[in-house]
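Shown next: query-v6.cif, containing mmCIF, C-alpha atoms.
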```cif
data_entry
#
loop_
_atom_site.label_atom_id
_atom_site.label_comp_id
_atom_site.auth_asym_id
_atom_site.auth_seq_id
_atom_site.Cartn_x
_atom_site.Cartn_y
_atom_site.Cartn_z
CA MET A 1 -85.51 182.82 145.64
CA ASN A 2 -86.25 186.43 144.65
CA GLN A 3 -89.35 185.49 142.67
CA PHE A 4 -90.58 183.34 145.56
CA ILE A 5 -90.16 186.17 148.10
CA LEU A 6 -91.88 188.57 145.71
CA ALA A 7 -94.81 186.15 145.34
CA LEU A 8 -95.26 186.02 149.12
CA PHE A 9 -95.40 189.82 149.33
CA SER A 10 -98.07 189.81 146.62
CA MET A 11 -100.35 187.71 148.84
CA THR A 12 -100.72 190.27 151.61
CA ASP A 13 -100.57 193.99 152.40
CA LYS A 14 -97.13 194.33 153.99
CA LEU A 15 -94.68 192.12 155.84
CA LYS A 16 -92.08 192.43 158.56
CA THR A 17 -88.97 190.88 157.08
CA SER A 18 -87.64 189.57 160.39
CA THR A 19 -90.91 187.76 161.11
CA LEU A 20 -91.14 186.50 157.53
CA PHE A 21 -87.69 184.93 157.86
CA HIS A 22 -88.65 183.07 161.04
CA LEU A 23 -91.93 182.01 159.41
CA LEU A 24 -90.12 180.49 156.43
CA LYS A 25 -87.65 178.74 158.73
CA GLY A 26 -90.56 177.18 160.66
CA LYS A 27 -90.40 178.85 164.06
CA ARG A 28 -93.63 177.67 165.67
CA THR A 29 -94.28 180.20 168.42
CA SER A 30 -97.84 181.43 168.83
CA ALA A 31 -96.70 184.92 167.80
CA ILE A 32 -95.17 183.71 164.53
CA MET A 33 -98.08 181.40 163.72
CA SER A 34 -100.64 184.11 164.47
CA TYR A 35 -98.76 186.58 162.29
CA ALA A 36 -98.60 184.02 159.48
CA PHE A 37 -102.33 183.40 159.84
CA PHE A 38 -103.30 187.06 159.71
CA THR A 39 -101.07 187.71 156.69
CA ASN A 40 -102.40 184.68 154.77
CA LEU A 41 -99.01 182.95 154.87
CA LEU A 42 -99.62 180.14 157.38
CA PRO A 43 -99.36 177.45 154.66
CA PHE A 44 -95.74 178.52 154.13
CA LEU A 45 -94.67 178.02 157.76
CA GLY A 46 -91.44 176.01 157.62
CA CYS A 47 -91.29 175.76 153.83
CA GLN A 48 -87.62 176.87 153.73
CA VAL A 49 -85.99 175.37 156.82
CA ASP A 50 -82.50 175.57 155.29
CA LEU A 51 -82.78 179.21 154.26
CA SER A 52 -79.84 181.29 155.52
CA LEU A 53 -80.29 184.82 156.83
CA LYS A 54 -77.68 186.06 154.35
CA VAL A 55 -79.54 184.66 151.33
CA PHE A 56 -82.82 186.05 152.65
CA GLU A 57 -81.45 189.53 153.34
CA ASN A 58 -79.74 189.62 149.93
CA ALA A 59 -83.05 188.76 148.26
CA ILE A 60 -84.88 191.55 150.12
CA ALA A 61 -82.10 194.04 149.30
CA THR A 62 -82.12 193.10 145.61
CA LEU A 63 -85.91 193.39 145.37
CA GLU A 64 -85.76 196.80 147.08
CA ASN A 65 -82.94 198.04 144.85
CA GLU A 66 -84.88 197.00 141.74
CA GLY A 67 -87.94 198.90 142.97
CA LEU A 68 -90.04 195.74 143.37
CA LEU A 69 -90.38 196.18 147.14
CA VAL A 70 -90.53 199.40 149.12
CA LYS A 71 -90.00 199.96 152.83
CA SER A 72 -93.19 201.32 154.39
CA GLU A 73 -91.85 201.53 157.94
CA ALA A 74 -88.98 200.11 159.97
CA ALA A 75 -88.22 196.56 158.72
CA THR A 76 -91.64 196.40 157.02
CA TYR A 77 -92.00 196.18 153.25
CA ARG A 78 -94.76 196.00 150.68
CA ILE A 79 -94.77 195.10 147.00
CA THR A 80 -94.81 197.95 144.47
CA ALA A 81 -96.79 198.25 141.25
CA LYS A 82 -93.56 197.44 139.42
CA GLY A 83 -93.15 194.39 141.62
CA GLN A 84 -96.67 193.23 140.74
CA SER A 85 -95.86 193.59 137.06
CA LYS A 86 -92.70 191.49 137.43
CA LEU A 87 -94.45 188.57 139.13
CA ASN A 88 -94.26 185.21 137.40
CA LEU A 89 -97.95 184.36 137.69
CA GLN A 90 -97.47 180.72 136.76
CA LEU A 91 -94.98 180.18 139.56
CA ARG A 92 -97.18 182.11 141.99
CA GLU A 93 -100.21 180.01 141.06
CA SER A 94 -98.46 176.80 142.10
CA LEU A 95 -97.91 178.23 145.59
CA LEU A 96 -101.64 178.33 146.25
CA GLU A 97 -101.69 174.56 146.78
CA VAL A 98 -98.82 174.12 149.25
CA ASP A 99 -99.60 173.53 152.92
CA TYR A 100 -96.51 173.19 155.06
CA PHE A 101 -98.47 174.08 158.19
CA ASN A 102 -100.47 170.85 158.04
CA PHE A 103 -98.08 168.56 156.17
CA GLY A 104 -94.58 170.05 156.04
CA ARG A 105 -93.06 168.08 158.88
CA SER A 106 -93.73 164.67 157.33
CA ASP A 107 -94.59 165.15 153.66
CA GLU A 108 -91.37 163.64 152.32
CA ASN A 109 -91.69 160.48 154.43
CA CYS A 110 -95.40 160.26 153.62
CA PHE A 111 -94.58 160.20 149.92
CA ARG A 112 -91.81 157.62 150.31
CA LEU A 113 -94.04 155.37 152.41
CA LEU A 114 -96.92 155.67 149.96
CA ALA A 115 -94.66 154.95 146.97
CA TYR A 116 -93.25 151.86 148.68
CA PHE A 117 -96.74 150.65 149.61
CA ILE A 118 -97.96 151.01 146.03
CA GLN A 119 -94.92 149.12 144.74
CA GLN A 120 -95.34 146.25 147.18
CA VAL A 121 -99.08 145.83 146.65
CA SER A 122 -98.96 146.10 142.86
CA LYS A 123 -95.84 144.04 142.15
CA GLY A 124 -97.67 140.70 142.19
CA GLN A 125 -95.20 137.83 141.95
CA GLU A 126 -92.52 140.02 140.40
CA ASN A 127 -89.23 140.07 142.30
CA LEU A 128 -88.69 143.84 142.25
CA ARG A 129 -85.92 145.67 144.01
CA PRO A 130 -87.69 147.33 146.97
CA LEU A 131 -87.78 151.10 147.02
CA GLU A 132 -87.17 151.11 150.77
CA THR A 133 -85.28 148.88 153.21
CA SER A 134 -85.61 150.85 156.45
CA PRO A 135 -88.06 149.43 159.03
CA LEU A 136 -89.60 152.91 159.18
CA PHE A 137 -91.17 152.07 155.81
CA THR A 138 -91.10 148.29 155.52
CA ARG A 139 -92.74 147.45 158.85
CA PRO A 140 -95.98 149.49 158.51
CA VAL A 141 -96.41 148.35 154.90
CA ALA A 142 -95.98 144.68 155.81
CA GLN A 143 -98.42 145.04 158.72
CA LEU A 144 -101.08 146.78 156.64
CA ILE A 145 -100.83 144.32 153.75
CA THR A 146 -101.22 141.41 156.18
CA GLN A 147 -104.00 142.91 158.31
CA GLN A 148 -106.09 144.42 155.52
CA LYS A 149 -105.27 141.91 152.77
CA ALA A 150 -104.61 144.82 150.43
CA SER A 151 -104.98 143.85 146.79
CA PRO A 152 -103.99 145.73 143.62
CA ASP A 153 -107.66 146.10 142.65
CA ILE A 154 -108.68 147.61 145.99
CA LEU A 155 -105.69 149.96 146.03
CA TYR A 156 -106.25 151.00 142.41
CA GLU A 157 -109.87 151.93 143.11
CA GLU A 158 -108.89 153.88 146.22
CA LEU A 159 -106.12 155.78 144.43
CA ALA A 160 -108.43 156.54 141.50
CA GLN A 161 -110.93 158.18 143.86
CA LEU A 162 -108.20 160.19 145.59
CA PHE A 163 -106.51 161.28 142.37
CA ASN A 164 -109.83 162.35 140.87
CA LYS A 165 -109.84 165.13 143.50
CA LEU A 166 -106.53 166.49 142.19
CA THR A 167 -105.81 168.54 139.10
CA GLN A 168 -104.75 166.55 136.05
CA VAL A 169 -101.28 168.11 136.19
CA ALA A 170 -100.73 167.26 139.88
CA GLY A 171 -102.08 163.74 139.50
CA ASP A 172 -99.91 162.99 136.49
CA PHE A 173 -96.80 164.38 138.17
CA LEU A 174 -97.26 162.19 141.27
CA ALA A 175 -98.38 159.07 139.41
CA GLN A 176 -95.24 159.02 137.27
CA GLN A 177 -93.19 158.71 140.46
CA PHE A 178 -94.90 155.46 141.47
CA SER A 179 -93.82 151.99 140.33
CA GLY A 180 -95.25 148.49 140.08
CA ALA A 181 -94.86 145.15 138.33
CA THR A 182 -94.63 146.64 134.85
CA VAL A 183 -94.06 150.33 135.55
CA LEU A 184 -90.78 152.01 136.42
CA ALA A 185 -90.89 155.15 138.52
CA LYS A 186 -89.43 158.40 137.30
CA THR A 187 -87.69 160.84 139.61
CA ALA A 188 -89.27 164.22 140.27
CA TYR A 189 -86.26 165.87 138.64
CA GLN A 190 -86.88 163.97 135.38
CA ILE A 191 -90.45 165.21 135.02
CA LEU A 192 -90.33 168.67 136.57
CA PRO A 193 -91.41 171.40 134.14
CA ASP A 194 -88.41 173.48 133.05
CA GLU A 195 -89.48 176.61 134.92
CA TYR A 196 -89.47 174.68 138.23
CA GLN A 197 -86.04 173.06 137.90
CA LYS A 198 -84.30 175.50 140.25
CA GLU A 199 -84.65 175.75 144.02
CA PRO A 200 -86.80 176.61 145.80
CA TRP A 201 -89.29 175.92 143.01
CA SER A 202 -88.50 172.22 142.53
CA GLN A 203 -89.34 171.53 146.17
CA LEU A 204 -92.37 173.81 146.12
CA TYR A 205 -93.75 172.22 142.94
CA GLN A 206 -93.56 168.74 144.47
CA ALA A 207 -95.32 170.09 147.56
CA SER A 208 -98.01 171.80 145.47
CA CYS A 209 -98.89 168.41 143.98
CA LEU A 210 -98.40 166.24 147.08
CA HIS A 211 -100.08 168.36 149.77
CA PRO A 212 -103.53 168.29 148.09
CA LEU A 213 -103.25 164.48 147.95
CA LEU A 214 -102.35 164.30 151.64
CA LYS A 215 -105.30 166.59 152.36
CA GLU A 216 -107.66 164.19 150.58
CA ILE A 217 -106.16 161.19 152.40
CA LYS A 218 -106.57 163.01 155.71
CA LYS A 219 -110.23 163.81 154.90
CA ALA A 220 -110.99 160.20 153.96
CA GLN A 221 -109.41 158.90 157.19
CA LYS A 222 -110.33 155.31 158.18
CA LYS A 223 -112.16 154.72 154.92
CA THR A 224 -108.87 154.29 153.06
CA LEU A 225 -105.81 152.09 153.24
CA CYS A 226 -103.72 155.18 152.52
CA TYR A 227 -104.89 156.93 155.68
CA GLN A 228 -104.30 153.85 157.81
CA LEU A 229 -100.80 153.71 156.38
CA LEU A 230 -99.96 157.41 156.79
CA LYS A 231 -101.88 158.43 159.92
CA GLY A 232 -98.84 158.12 162.19
CA LEU A 233 -96.76 160.35 159.94
CA LEU A 234 -99.60 162.84 159.47
CA GLN A 235 -99.91 163.21 163.24
CA GLN A 236 -96.25 164.27 163.40
CA ASN A 237 -97.32 167.65 162.05
CA TYR A 238 -99.04 168.41 165.35
CA ASN A 239 -97.32 169.64 168.49
CA LYS A 240 -97.62 166.73 170.97
CA SER A 241 -97.50 169.06 173.94
CA MET A 242 -100.34 171.11 172.45
CA LEU A 243 -102.37 167.94 171.88
CA TYR A 244 -101.99 166.94 175.54
CA THR A 245 -103.12 170.40 176.64
CA ARG A 246 -106.07 170.09 174.24
CA GLN A 247 -106.99 166.72 175.74
CA LEU A 248 -107.03 168.10 179.29
CA LEU A 249 -109.06 171.16 178.28
CA LEU A 250 -111.60 168.93 176.53
CA GLU A 251 -111.97 167.15 179.87
CA GLU A 252 -113.38 170.49 181.12
CA LYS A 253 -110.31 171.45 183.12
CA SER A 254 -109.55 175.16 183.40
CA ILE A 255 -106.45 176.82 181.98
CA GLY A 256 -105.07 177.22 185.51
CA GLU A 257 -105.71 173.56 186.33
CA VAL A 258 -104.00 172.42 183.13
CA ALA A 259 -101.00 174.62 183.88
CA GLN A 260 -100.76 173.09 187.35
CA ILE A 261 -101.14 169.51 186.12
CA ARG A 262 -98.51 170.01 183.44
CA ASP A 263 -96.23 172.18 185.57
CA LEU A 264 -96.20 174.81 182.84
CA LYS A 265 -96.77 178.55 182.83
CA VAL A 266 -100.25 179.82 182.00
CA GLY A 267 -98.69 181.66 179.06
CA THR A 268 -97.47 178.36 177.61
CA ILE A 269 -100.95 176.85 177.92
CA SER A 270 -102.33 179.95 176.19
CA ASP A 271 -99.85 179.41 173.35
CA HIS A 272 -101.12 175.84 173.01
CA ILE A 273 -104.70 177.12 172.82
CA VAL A 274 -103.78 179.55 170.04
CA GLU A 275 -102.05 176.77 168.09
CA TRP A 276 -105.07 174.50 168.61
CA SER A 277 -107.40 177.21 167.28
CA LEU A 278 -105.33 177.48 164.10
CA TYR A 279 -105.37 173.74 163.44
CA GLU A 280 -109.00 172.92 164.21
CA ALA A 281 -111.86 174.48 162.26
CA SER A 282 -114.36 173.43 164.96
CA PHE A 283 -112.36 175.04 167.78
CA PRO A 284 -114.69 176.09 170.70
CA PHE A 285 -113.98 179.82 170.71
CA GLU A 286 -116.98 180.57 172.95
CA ARG A 287 -115.42 178.61 175.79
CA PHE A 288 -112.35 180.85 176.00
CA ILE A 289 -113.87 184.26 175.18
CA SER A 290 -116.23 185.60 177.84
CA LYS A 291 -119.55 187.10 176.78
CA ALA A 292 -118.53 190.52 178.10
CA SER A 293 -115.22 190.49 176.23
CA ARG A 294 -116.88 189.34 173.02
CA GLU A 295 -119.51 192.09 173.19
CA ASN A 296 -116.89 194.76 173.91
CA LEU A 297 -114.68 193.53 171.07
CA ASP A 298 -117.65 193.41 168.70
CA LEU A 299 -118.34 197.09 169.38
CA LEU A 300 -114.69 197.98 168.87
CA ALA A 301 -114.39 195.89 165.69
CA ALA A 302 -117.34 197.75 164.18
CA LYS A 303 -115.21 200.91 164.21
CA GLU A 304 -111.63 199.66 163.87
CA ASN A 305 -109.62 197.09 161.94
CA VAL A 306 -109.53 194.13 164.30
CA TYR A 307 -106.18 192.90 162.94
CA ALA A 308 -104.48 196.26 163.49
CA MET A 309 -105.55 196.42 167.13
CA ARG A 310 -102.89 196.10 169.82
CA TYR A 311 -103.73 194.23 172.99
CA SER A 312 -102.27 196.91 175.26
CA ALA A 313 -104.47 199.59 173.69
CA VAL A 314 -107.59 197.44 173.87
CA ASN A 315 -106.88 196.46 177.46
CA GLU A 316 -106.84 200.13 178.42
CA LYS A 317 -110.39 200.50 177.11
CA PHE A 318 -111.73 197.44 178.94
CA PRO A 319 -110.07 194.58 180.84
CA LEU A 320 -109.65 191.25 179.05
CA ASP A 321 -107.13 188.43 178.93
CA PHE A 322 -104.66 188.30 176.07
CA ILE A 323 -105.89 184.85 175.07
CA GLU A 324 -109.41 186.28 174.60
CA PHE A 325 -108.06 189.06 172.41
CA ARG A 326 -105.98 186.75 170.21
CA LEU A 327 -108.74 184.15 169.84
CA TYR A 328 -111.24 186.86 168.91
CA GLN A 329 -108.93 187.99 166.10
CA ILE A 330 -108.50 184.41 164.87
CA LYS A 331 -112.25 183.78 164.96
CA GLN A 332 -112.89 186.93 162.93
CA LYS A 333 -110.43 185.71 160.32
CA ARG A 334 -112.05 182.28 160.24
CA ASP A 335 -115.49 183.86 159.89
CA GLU A 336 -114.24 185.47 156.69
CA ASN A 337 -114.06 181.92 155.29
CA TYR A 338 -110.27 181.92 155.36
CA ASP A 339 -109.19 178.34 154.70
CA ILE A 340 -106.03 176.95 156.27
CA ARG A 341 -105.72 174.35 153.55
CA GLY A 342 -105.50 171.08 155.55
#
```
Would you write the structure of this file as structure tokens?
Amino acid sequence: MNQFILALFSMTDKLKTSTLFHLLKGKRTSAIMSYAFFTNLLPFLGCQVDLSLKVFENAIATLENEGLLVKSEAATYRITAKGQSKLNLQLRESLLEVDYFNFGRSDENCFRLLAYFIQQVSKGQENLRPLETSPLFTRPVAQLITQQKASPDILYEELAQLFNKLTQVAGDFLAQQFSGATVLAKTAYQILPDEYQKEPWSQLYQASCLHPLLKEIKKAQKKTLCYQLLKGLLQQNYNKSMLYTRQLLLEEKSIGEVAQIRDLKVGTISDHIVEWSLYEASFPFERFISKASRENLDLLAAKENVYAMRYSAVNEKFPLDFIEFRLYQIKQKRDENYDIRG
């Protein structure tokens, strides 16, 4: 755990430990998600849902005592030069492929469903023991095989195209966990490299291989059997309430009208808008930031660090809504070509 925490600190300037803990646990408030976005850690949102506060605080204390982290202000730490020198670069490199923000809520079930689908399509006439017996997995596979007449040749070609987008290491690791008529699957534990055998690295290594595959399946969408199979599970990563708010706003309703229709506070609708802007690269920022606010913020951003600005201080200079301020910050980050993996 210590090396993992140290790797996260190496990816940004400084971090508030209390916010980092909630980020790792998967607290999806707009404040936590925005903080994760601005500190380049959004892909790690919810990557350690079982992490206890005691384990986390012990890791921070150990890293501080060893001189690998230093407190820069109250509850805020940054990595030291010594900490940088103690980083395991190979472990850190694997973290650059994980994307719990887009896939973390359903990645395990996605993999199980895909593995079962591959087994059932490729088994031919062999009477294999099914990998899954729950209707959660058996029903969608049976429906897709019947509706699309999925054949081993079609599935093989599709998987080959998807796996060609992955690194050789990731593709090999995932492929060895699939089974068919003449191939027995290996468990992830059997094939994990030695340096990833311990938690949290075993889980993170699986994610670093699987999430890029899910990203490619998501990009291919209706063109692939895999997307048709997994689309329901992939959609579980989105906040349903946010999606309903998005739908109403796309119908040209105002924020106030949406709040009234949904019997929610305007602040809650604003939170949904922030979450929407983080998920969707084509988010319509211009609709929610007035021309006057954008021009005033542009002038201010030319002189100050936009991410260090506080809303209360900006609002004293010129009036603007908080949602305009937050969306402006997010747009600036996106304009820097920051990629939220999925």
Quiz item: Expanded to explicit residues, what is the PyMOL selection byres ((chain A and resi 112) around 12) for this file, as a PyMOL selection string?
Solution: chain A and resi 106-111+113-119+130-134+136-138+141+174+177-179+187+210+229-230+233
Take the selection from the previous step and output its residues with C-alpha atoms, as a CSV table (one decimal), in the coordinates of the input.
```csv
chain,number,residue,atom,x,y,z
A,106,SER,CA,-93.7,164.7,157.3
A,107,ASP,CA,-94.6,165.2,153.7
A,108,GLU,CA,-91.4,163.6,152.3
A,109,ASN,CA,-91.7,160.5,154.4
A,110,CYS,CA,-95.4,160.3,153.6
A,111,PHE,CA,-94.6,160.2,149.9
A,113,LEU,CA,-94.0,155.4,152.4
A,114,LEU,CA,-96.9,155.7,150.0
A,115,ALA,CA,-94.7,155.0,147.0
A,116,TYR,CA,-93.2,151.9,148.7
A,117,PHE,CA,-96.7,150.6,149.6
A,118,ILE,CA,-98.0,151.0,146.0
A,119,GLN,CA,-94.9,149.1,144.7
A,130,PRO,CA,-87.7,147.3,147.0
A,131,LEU,CA,-87.8,151.1,147.0
A,132,GLU,CA,-87.2,151.1,150.8
A,133,THR,CA,-85.3,148.9,153.2
A,134,SER,CA,-85.6,150.8,156.4
A,136,LEU,CA,-89.6,152.9,159.2
A,137,PHE,CA,-91.2,152.1,155.8
A,138,THR,CA,-91.1,148.3,155.5
A,141,VAL,CA,-96.4,148.4,154.9
A,174,LEU,CA,-97.3,162.2,141.3
A,177,GLN,CA,-93.2,158.7,140.5
A,178,PHE,CA,-94.9,155.5,141.5
A,179,SER,CA,-93.8,152.0,140.3
A,187,THR,CA,-87.7,160.8,139.6
A,210,LEU,CA,-98.4,166.2,147.1
A,229,LEU,CA,-100.8,153.7,156.4
A,230,LEU,CA,-100.0,157.4,156.8
A,233,LEU,CA,-96.8,160.4,159.9
```
Self-check item: Nearest candidate to Asn296 (chain A) (options A:Pro284, A:Pro319, A:Pro193, A:Pro152; using all atoms listed in the file)
Solution: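 Ranking A:Pro284, A:Pro319, A:Pro193, A:Pro152 by distance to Asn296 (chain A), first place goes to A:Pro319.
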Exercise. Would you list the contacts of His22 (chain A) as a VMD selection string, taking every protein, DNA or RNA residue within 10 Å and counting all atoms listed in the file, but skipping same-chain residues closer than 4 positions in sequence?
Key: chain A and resid 17 to 18 26 to 29 32 to 33 45 to 46 48 to 49 51 53
Practice problem: Report as a ChimeraX atom specification the residues that result from applying the PyMOL selection byres ((chain A and resi 276) around 12) to the structure here. | Solution: /A:30,33-34,238-247,249-250,269-275,277-285,327,330
What do you get, as a JSON list (two decimals) with C-alpha atoms, in the coordinates of the input, if you spell out every residue that the PyMOL selection byres ((chain A and resi 255) around 10) selects here?
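Final output, saved to selection14.json:
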```
[["chain", "number", "residue", "atom", "x", "y", "z"],
["A", 245, "THR", "CA", -103.12, 170.40, 176.64],
["A", 248, "LEU", "CA", -107.03, 168.10, 179.29],
["A", 249, "LEU", "CA", -109.06, 171.16, 178.28],
["A", 252, "GLU", "CA", -113.38, 170.49, 181.12],
["A", 253, "LYS", "CA", -110.31, 171.45, 183.12],
["A", 254, "SER", "CA", -109.55, 175.16, 183.40],
["A", 256, "GLY", "CA", -105.07, 177.22, 185.51],
["A", 257, "GLU", "CA", -105.71, 173.56, 186.33],
["A", 258, "VAL", "CA", -104.00, 172.42, 183.13],
["A", 259, "ALA", "CA", -101.00, 174.62, 183.88],
["A", 260, "GLN", "CA", -100.76, 173.09, 187.35],
["A", 261, "ILE", "CA", -101.14, 169.51, 186.12],
["A", 265, "LYS", "CA", -96.77, 178.55, 182.83],
["A", 266, "VAL", "CA", -100.25, 179.82, 182.00],
["A", 267, "GLY", "CA", -98.69, 181.66, 179.06],
["A", 269, "ILE", "CA", -100.95, 176.85, 177.92],
["A", 270, "SER", "CA", -102.33, 179.95, 176.19],
["A", 273, "ILE", "CA", -104.70, 177.12, 172.82],
["A", 288, "PHE", "CA", -112.35, 180.85, 176.00]]
```
Once 6 Å is added on each side, what are the centre and the three edge lengths, in Å to one decimal, of the axis-aligned box enclosing the listed atoms of region 159-163 of chain A? Present them as lines of an AutoDock Vina configuration file.
```
center_x = -108.5
center_y = 158.5
center_z = 143.5
size_x = 16.8
size_y = 17.5
size_z = 16.1
```
Quiz item: How many Å separate CA of Phe38 (chain A) from CA of Lys215 (chain A)?
Solution: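 About the pair CA of Phe38 (chain A) and CA of Lys215 (chain A): they are 21.8 Å apart.
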Practice problem: Dump as a PyMOL selection string all residues having an atom at most 8 Å from (-91.0, 196.8, 148.9), computed in the file's coordinates with all atoms listed in the file. | Solution: chain A and resi 63-64+67-72+77-80+83
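The two atoms in question, CA of Ala181 (chain A) and CA of Leu166 (chain A), are spaced 24.6 Å apart.
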Enumerate, in order of chain and increasing residue number, the residues of region 81-160 of chain A with an atom no farther than 12 Å from region 197-209 of chain A, each with its shortest atom pair and distance in Å to one decimal, counting only C-alpha atoms, as a Markdown table.
```
| residue | atom | partner | partner_atom | distance |
| --- | --- | --- | --- | --- |
| A:Asn88 | CA | A:Trp201 | CA | 11.9 |
| A:Gln90 | CA | A:Tyr205 | CA | 11.1 |
| A:Leu91 | CA | A:Trp201 | CA | 7.9 |
| A:Arg92 | CA | A:Trp201 | CA | 10.1 |
| A:Glu93 | CA | A:Ser208 | CA | 9.6 |
| A:Ser94 | CA | A:Ser208 | CA | 6.0 |
| A:Leu95 | CA | A:Ser208 | CA | 6.4 |
| A:Leu96 | CA | A:Ser208 | CA | 7.5 |
| A:Glu97 | CA | A:Ser208 | CA | 4.8 |
| A:Val98 | CA | A:Ser208 | CA | 4.5 |
| A:Asp99 | CA | A:Ala207 | CA | 7.7 |
| A:Tyr100 | CA | A:Ala207 | CA | 8.2 |
| A:Phe101 | CA | A:Ala207 | CA | 11.8 |
| A:Asn102 | CA | A:Ala207 | CA | 11.7 |
| A:Phe103 | CA | A:Ala207 | CA | 9.2 |
| A:Gly104 | CA | A:Ala207 | CA | 8.5 |
| A:Arg105 | CA | A:Ala207 | CA | 11.7 |
| A:Ser106 | CA | A:Ala207 | CA | 11.3 |
| A:Asp107 | CA | A:Ala207 | CA | 7.9 |
| A:Glu108 | CA | A:Ala207 | CA | 8.9 |
| A:Cys110 | CA | A:Ala207 | CA | 11.5 |
| A:Phe111 | CA | A:Gln206 | CA | 10.2 |
```
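Picture a line from CA of Lys165 (chain A) to CA of Leu214 (chain A); it runs 11.1 Å.
The shortest atom-to-atom distance to Val55 (chain A), with only C-alpha atoms taken into account, belongs to A:Phe21 out of A:Ala302, A:Glu216, A:Phe21, A:Leu234.
Nearest to Gln228 (chain A) of all the residues A:Gln84, A:Gln147, A:Ala7, A:Ala313 is A:Gln147, counting only C-alpha atoms.
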My structure is short of atoms at region 188-199 of chain A; please model N, CA and C atoms there, returning them as a compact mmCIF listing (two decimals), keeping the file's coordinate frame.
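Resulting contents of rebuild.txt:
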```txt
# COMPACT_ATOMS: atom_id res chain seq x y z
N ALA A 188 -88.63 162.91 140.41
CA ALA A 188 -89.27 164.22 140.27
C ALA A 188 -88.45 165.12 139.35
N TYR A 189 -87.13 165.02 139.46
CA TYR A 189 -86.26 165.87 138.64
C TYR A 189 -86.46 165.60 137.15
N GLN A 190 -86.71 164.33 136.79
CA GLN A 190 -86.88 163.97 135.38
C GLN A 190 -88.13 164.60 134.76
N ILE A 191 -89.16 164.78 135.56
CA ILE A 191 -90.45 165.21 135.02
C ILE A 191 -90.87 166.61 135.43
N LEU A 192 -90.02 167.29 136.19
CA LEU A 192 -90.33 168.67 136.57
C LEU A 192 -90.39 169.56 135.33
N PRO A 193 -91.40 170.42 135.22
CA PRO A 193 -91.41 171.40 134.14
C PRO A 193 -90.16 172.28 134.22
N ASP A 194 -89.68 172.75 133.10
CA ASP A 194 -88.41 173.48 133.05
C ASP A 194 -88.37 174.67 134.00
N GLU A 195 -89.49 175.40 134.10
CA GLU A 195 -89.48 176.61 134.92
C GLU A 195 -89.39 176.32 136.42
N TYR A 196 -89.53 175.05 136.81
CA TYR A 196 -89.47 174.68 138.23
C TYR A 196 -88.19 173.91 138.57
N GLN A 197 -87.24 173.87 137.68
CA GLN A 197 -86.04 173.06 137.90
C GLN A 197 -85.14 173.60 139.01
N LYS A 198 -85.18 174.90 139.26
CA LYS A 198 -84.30 175.50 140.25
C LYS A 198 -84.98 175.57 141.62
N GLU A 199 -84.14 175.53 142.67
CA GLU A 199 -84.65 175.75 144.02
C GLU A 199 -84.98 177.23 144.21
```
